[in-house]
>>> print(open('work-v9.txt').read())   # compact mmCIF, C-alpha atoms and all ligand atoms
# COMPACT_ATOMS: atom_id res chain seq x y z
CA MET D 1136 7.15 -67.57 64.54
CA LYS D 1137 6.12 -65.51 61.55
CA ASN D 1138 6.61 -67.29 58.23
CA ILE D 1139 6.06 -65.63 54.90
CA VAL D 1140 6.07 -67.03 51.39
CA LEU D 1141 7.34 -64.19 49.23
CA PHE D 1142 5.89 -64.91 45.84
CA GLY D 1143 6.00 -63.70 42.25
CA PRO D 1144 7.44 -64.50 38.83
CA PRO D 1145 11.18 -64.33 38.10
CA GLY D 1146 12.27 -60.69 38.19
CA ALA D 1147 9.43 -59.56 40.47
CA GLY D 1148 11.97 -58.41 43.07
CA LYS D 1149 11.62 -61.18 45.64
CA GLY D 1150 15.33 -61.43 46.44
CA THR D 1151 15.83 -57.68 46.77
CA GLN D 1152 12.75 -57.24 48.92
CA ALA D 1153 13.48 -60.28 51.10
CA GLU D 1154 16.89 -58.82 52.00
CA ILE D 1155 15.22 -55.61 53.24
CA LEU D 1156 12.27 -57.29 54.92
CA LYS D 1157 14.43 -59.75 56.86
CA GLU D 1158 16.17 -56.83 58.60
CA LYS D 1159 12.95 -54.98 59.36
CA GLN D 1160 11.15 -58.03 60.69
CA ASN D 1161 14.09 -60.03 62.07
CA LEU D 1162 13.44 -63.05 59.90
CA VAL D 1163 15.70 -65.58 58.19
CA HIS D 1164 15.67 -65.37 54.38
CA ILE D 1165 15.85 -68.65 52.48
CA SER D 1166 16.12 -68.43 48.71
CA THR D 1167 16.11 -71.89 47.11
CA GLY D 1168 17.64 -70.37 43.96
CA ASP D 1169 20.56 -69.01 46.02
CA VAL D 1170 21.07 -72.36 47.75
CA PHE D 1171 21.17 -74.09 44.37
CA ARG D 1172 23.65 -71.53 43.02
CA ARG D 1173 25.91 -71.99 46.07
CA ASN D 1174 25.88 -75.74 45.48
CA ILE D 1175 26.65 -75.33 41.77
CA LYS D 1176 29.64 -73.11 42.67
CA GLY D 1177 30.81 -75.59 45.26
CA GLY D 1178 30.51 -78.46 42.77
CA THR D 1179 28.38 -80.56 45.15
CA GLU D 1180 26.26 -83.50 44.03
CA LEU D 1181 23.13 -81.42 44.58
CA GLY D 1182 24.61 -78.60 42.48
CA ASN D 1183 25.48 -80.94 39.62
CA LEU D 1184 21.98 -82.33 39.62
CA ALA D 1185 20.29 -78.92 39.74
CA LYS D 1186 22.50 -77.29 37.12
CA SER D 1187 20.99 -78.84 33.99
CA TYR D 1188 17.46 -77.85 35.02
CA ILE D 1189 18.40 -74.31 36.03
CA GLU D 1190 20.33 -73.62 32.85
CA LYS D 1191 17.30 -74.59 30.77
CA GLY D 1192 14.98 -72.41 32.85
CA HIS D 1193 13.12 -75.44 34.21
CA LEU D 1194 12.25 -76.37 37.77
CA VAL D 1195 14.47 -78.73 39.74
CA PRO D 1196 12.52 -81.89 40.79
CA ASP D 1197 10.32 -81.48 43.85
CA GLU D 1198 11.85 -84.15 46.06
CA VAL D 1199 15.35 -82.71 45.79
CA THR D 1200 14.13 -79.17 46.38
CA ILE D 1201 11.90 -80.07 49.33
CA ASN D 1202 14.67 -81.95 51.15
CA MET D 1203 17.06 -79.09 50.58
CA LEU D 1204 14.55 -76.57 51.93
CA LYS D 1205 13.94 -78.61 55.07
CA ASP D 1206 17.69 -78.80 55.72
CA GLU D 1207 17.97 -75.02 55.42
CA VAL D 1208 15.15 -74.48 57.93
CA LYS D 1209 16.71 -76.96 60.35
CA LYS D 1210 19.99 -75.02 60.24
CA ASN D 1211 18.18 -72.10 61.94
CA PRO D 1212 16.51 -73.51 65.07
CA GLU D 1213 16.55 -70.13 66.81
CA ALA D 1214 14.82 -68.24 64.00
CA ASN D 1215 12.03 -65.82 64.72
CA GLY D 1216 10.50 -66.88 61.43
CA PHE D 1217 11.36 -67.30 57.76
CA ILE D 1218 10.93 -65.57 54.44
CA PHE D 1219 10.66 -68.27 51.80
CA ASP D 1220 11.80 -66.83 48.49
CA GLY D 1221 11.32 -68.98 45.40
CA PHE D 1222 9.70 -71.78 47.39
CA PRO D 1223 7.12 -73.32 47.04
CA ARG D 1224 6.90 -73.38 43.24
CA THR D 1225 4.54 -76.36 42.85
CA GLU D 1226 1.53 -77.66 44.73
CA VAL D 1227 3.56 -80.70 45.87
CA GLN D 1228 6.07 -78.28 47.43
CA ALA D 1229 3.28 -76.22 49.04
CA ASP D 1230 1.80 -79.36 50.64
CA ALA D 1231 5.23 -80.50 51.79
CA LEU D 1232 5.88 -77.08 53.32
CA ALA D 1233 2.56 -77.04 55.20
CA GLU D 1234 3.24 -80.53 56.54
CA PHE D 1235 6.80 -79.68 57.54
CA MET D 1236 5.72 -76.48 59.30
CA GLU D 1237 3.20 -78.49 61.29
CA GLU D 1238 5.91 -80.95 62.26
CA ILE D 1239 7.95 -78.12 63.76
CA ASP D 1240 4.85 -76.67 65.48
CA SER D 1241 4.65 -73.71 63.19
CA GLN D 1242 2.71 -72.49 60.14
CA ILE D 1243 2.80 -70.37 57.02
CA ASP D 1244 1.13 -67.08 57.94
CA ALA D 1245 0.87 -65.55 54.49
CA MET D 1246 1.79 -65.67 50.87
CA VAL D 1247 2.68 -62.18 49.73
CA ALA D 1248 2.81 -61.85 45.94
CA LEU D 1249 4.67 -59.09 44.13
CA GLU D 1250 2.63 -58.24 41.05
CA VAL D 1251 4.57 -57.17 37.95
CA GLU D 1252 3.68 -57.51 34.25
CA ASN D 1253 5.64 -59.84 31.98
CA GLU D 1254 7.36 -57.29 29.76
CA VAL D 1255 8.66 -55.43 32.82
CA LEU D 1256 10.02 -58.75 34.13
CA VAL D 1257 11.92 -59.48 30.92
CA GLU D 1258 13.41 -55.98 30.92
CA ARG D 1259 14.46 -56.23 34.56
CA LEU D 1260 16.03 -59.67 34.11
CA LEU D 1261 17.98 -58.66 31.01
CA GLU D 1262 19.25 -55.65 32.96
CA ARG D 1263 20.16 -57.82 35.96
CA GLY D 1264 21.92 -60.26 33.59
CA LYS D 1265 24.48 -57.58 32.79
CA PHE D 1266 25.98 -57.89 36.27
CA SER D 1267 24.41 -60.88 38.10
CA GLY D 1268 26.72 -63.40 36.42
CA ARG D 1269 23.70 -65.71 36.19
CA LYS D 1270 23.59 -67.69 32.95
CA ASP D 1271 19.82 -67.93 33.20
CA ASP D 1272 19.58 -64.10 33.18
CA ALA D 1273 21.88 -63.68 30.18
CA ASN D 1274 19.64 -65.07 27.47
CA GLU D 1275 16.19 -63.74 26.58
CA GLU D 1276 14.97 -67.18 25.47
CA ILE D 1277 15.82 -68.72 28.86
CA ILE D 1278 14.26 -65.75 30.65
CA ARG D 1279 11.00 -66.25 28.72
CA GLU D 1280 11.16 -70.00 29.45
CA ARG D 1281 11.46 -69.27 33.19
CA ILE D 1282 8.45 -66.97 33.03
CA GLU D 1283 6.47 -69.61 31.10
CA GLU D 1284 7.52 -72.28 33.60
CA TYR D 1285 6.18 -69.95 36.30
CA TYR D 1286 2.78 -69.69 34.58
CA ARG D 1287 2.70 -73.46 33.85
CA LYS D 1288 3.52 -74.70 37.32
CA THR D 1289 3.70 -71.95 39.94
CA ASP D 1290 1.15 -69.17 39.44
CA THR D 1291 -1.67 -71.53 40.45
CA LEU D 1292 -0.29 -71.48 44.01
CA LYS D 1293 -2.04 -68.13 44.43
CA ASP D 1294 -5.33 -70.08 44.43
CA TYR D 1295 -3.82 -72.59 46.85
CA TYR D 1296 -3.19 -69.85 49.42
CA LYS D 1297 -6.37 -67.90 48.56
CA LYS D 1298 -8.40 -70.99 49.48
CA ARG D 1299 -6.67 -70.95 52.85
CA ASP D 1300 -7.22 -67.18 53.33
CA LYS D 1301 -3.49 -66.54 53.28
CA TYR D 1302 -3.03 -64.69 50.01
CA PHE D 1303 -2.00 -61.02 49.80
CA GLY D 1304 -1.09 -59.21 46.58
CA ILE D 1305 1.18 -56.17 46.46
CA ASN D 1306 1.97 -53.83 43.57
CA GLY D 1307 5.56 -54.77 42.67
CA VAL D 1308 6.17 -51.77 40.41
CA GLY D 1309 7.77 -48.61 41.84
CA SER D 1310 11.00 -47.75 43.61
CA ILE D 1311 12.63 -50.41 45.81
CA GLU D 1312 11.79 -48.28 48.84
CA GLU D 1313 8.13 -47.79 47.90
CA ILE D 1314 7.69 -51.52 47.41
CA SER D 1315 9.50 -52.40 50.63
CA ASP D 1316 7.28 -49.96 52.55
CA ARG D 1317 4.15 -51.61 51.13
CA LEU D 1318 5.52 -55.04 51.97
CA ASN D 1319 6.68 -54.15 55.46
CA THR D 1320 3.36 -52.53 56.37
CA LEU D 1321 1.52 -55.63 55.28
CA VAL D 1322 3.83 -58.10 57.03
CA ALA D 1323 3.85 -56.04 60.23
CA SER D 1324 0.05 -56.23 60.30
CA LEU D 1325 -0.05 -60.04 60.18
P1 LIG D 1401 15.44 -68.17 41.41
O1 LIG D 1401 16.75 -67.68 41.95
O2 LIG D 1401 14.35 -68.24 42.44
O3 LIG D 1401 15.02 -67.43 40.18
O4 LIG D 1401 15.68 -69.68 40.96
C1 LIG D 1401 16.61 -70.00 39.93
C2 LIG D 1401 16.32 -71.39 39.43
O5 LIG D 1401 16.50 -72.35 40.49
C3 LIG D 1401 14.91 -71.65 38.92
O6 LIG D 1401 14.73 -71.22 37.58
C4 LIG D 1401 14.80 -73.16 39.09
O7 LIG D 1401 15.49 -73.82 38.06
C5 LIG D 1401 15.56 -73.40 40.39
N1 LIG D 1401 14.66 -73.33 41.56
C6 LIG D 1401 14.67 -72.39 42.55
N2 LIG D 1401 13.70 -72.63 43.46
C7 LIG D 1401 13.06 -73.74 43.04
C8 LIG D 1401 11.96 -74.49 43.52
N3 LIG D 1401 11.29 -74.13 44.64
N4 LIG D 1401 11.58 -75.60 42.83
C9 LIG D 1401 12.23 -75.98 41.72
N5 LIG D 1401 13.26 -75.32 41.18
C10 LIG D 1401 13.68 -74.20 41.82
>>> encode(input="work-v9.txt", output="C-alpha cells", more="lines below")
Ligand code: AMP
Amino acid sequence: MKNIVLFGPPGAGKGTQAEILKEKQNLVHISTGDVFRRNIKGGTELGNLAKSYIEKGHLVPDEVTINMLKDEVKKNPEANGFIFDGFPRTEVQADALAEFMEEIDSQIDAMVALEVENEVLVERLLERGKFSGRKDDANEEIIRERIEEYYRKTDTLKDYYKKRDKYFGINGVGSIEEISDRLNTLVASL
C-alpha cells in the first residue's frame, strides 16, 4: 500500500489535487471535511456535532474525527492505498493514524505539503465561496479563522513528519496541471 498525507492550509488545493492524484496513482481519496459535510447534509448525529465547530472555522474534536477516519479506511479493504486530505490536523490525530496504520499492517509513506502564501489562500477561498455553497468559504472572517486555526494546531505537523523523514514540500502556486505534475512525479518516486 502507498499512503500519502496531502497537507497544506485551507485553500492550498488539497481537494482538487487529490482528485487528480487518486486517478493517476489508483488510490482512495479520503477528505475528512467532505465526510463531515456529507453527514451535515444527511442530518446525522455526527453531522450535528461537527456543524457548530465547522461553521466557526474551528477543528472538530480529535476523538470524533479519528473514529470517523478509521471507519472510512475500513470501508475500503481492497484499496491500493489512501490519500488523506485534511487529516491529520493535530499531533493526537497523527499519532492515532500511525498506530492505526500499524494495526492494519501498513504505514504512512509521506506527507506532501502544498505551499501557498496566506493572501493567495484567502483570495482562492473567497473565489471558491462564490460557488462551493460552503458557509465557511462565504465569510472572510471565518476564512481567516480557519487559516489561524491551521497555524495554531496543524502546521506543526510538518515537524512531526520531518522528524520521521517523511516530509516533502511542493510549490502549490501555478496552474492545476503544473501542480499535479509536480505532485505526481514526487508520489510516483516514493
Ligand atoms: P476542509 O474541507 O478540510 O477544509 O475541512 C472543513 C472543516 O471540517 C474544518 O475547518 C474543520 O472544522 C473540519 N475538519 C476537517 N478535517 C478535520 C480534522 N482532521 N480534524 C478536525 N476538524 C476537521
>>> residues_around(input="work-v9.txt", residues="range 1206-1223 of chain D", least_positions_apart="3", cutoff="9 Å", atoms="all atoms listed in the file", output="compact mmCIF listing (two decimals) with C-alpha atoms, in the coordinates of the input")
# COMPACT_ATOMS: atom_id res chain seq x y z
CA MET D 1136 7.15 -67.57 64.54
CA LYS D 1137 6.12 -65.51 61.55
CA ASN D 1138 6.61 -67.29 58.23
CA ILE D 1139 6.06 -65.63 54.90
CA VAL D 1140 6.07 -67.03 51.39
CA LEU D 1141 7.34 -64.19 49.23
CA PHE D 1142 5.89 -64.91 45.84
CA GLY D 1143 6.00 -63.70 42.25
CA PRO D 1144 7.44 -64.50 38.83
CA PRO D 1145 11.18 -64.33 38.10
CA LYS D 1149 11.62 -61.18 45.64
CA GLY D 1150 15.33 -61.43 46.44
CA ALA D 1153 13.48 -60.28 51.10
CA LEU D 1156 12.27 -57.29 54.92
CA LYS D 1157 14.43 -59.75 56.86
CA GLN D 1160 11.15 -58.03 60.69
CA ASN D 1161 14.09 -60.03 62.07
CA LEU D 1162 13.44 -63.05 59.90
CA VAL D 1163 15.70 -65.58 58.19
CA HIS D 1164 15.67 -65.37 54.38
CA ILE D 1165 15.85 -68.65 52.48
CA SER D 1166 16.12 -68.43 48.71
CA THR D 1167 16.11 -71.89 47.11
CA GLY D 1168 17.64 -70.37 43.96
CA VAL D 1170 21.07 -72.36 47.75
CA THR D 1200 14.13 -79.17 46.38
CA ILE D 1201 11.90 -80.07 49.33
CA ASN D 1202 14.67 -81.95 51.15
CA MET D 1203 17.06 -79.09 50.58
CA GLU D 1226 1.53 -77.66 44.73
CA VAL D 1227 3.56 -80.70 45.87
CA GLN D 1228 6.07 -78.28 47.43
CA ALA D 1229 3.28 -76.22 49.04
CA ASP D 1230 1.80 -79.36 50.64
CA ALA D 1231 5.23 -80.50 51.79
CA LEU D 1232 5.88 -77.08 53.32
CA THR D 1289 3.70 -71.95 39.94
CA LEU D 1292 -0.29 -71.48 44.01
>>> closest_residue(input="work-v9.txt", among="D:Gln1152, D:Thr1320, D:Ser1187, D:Ser1315", to="ligand LIG 1401 (chain D)", atoms="all atoms listed in the file")
D:Ser1187
>>> atom_distance(input="work-v9.txt", atom1="atom O6 of ligand LIG 1401 (chain D)", atom2="CA of Thr1225 in chain D")
12.6 Å
>>> closest_residue(input="work-v9.txt", among="D:Lys1205, D:Arg1287, D:Asn1174, D:Glu1312", to="Glu1238 in chain D", atoms="all atoms listed in the file")
D:Lys1205
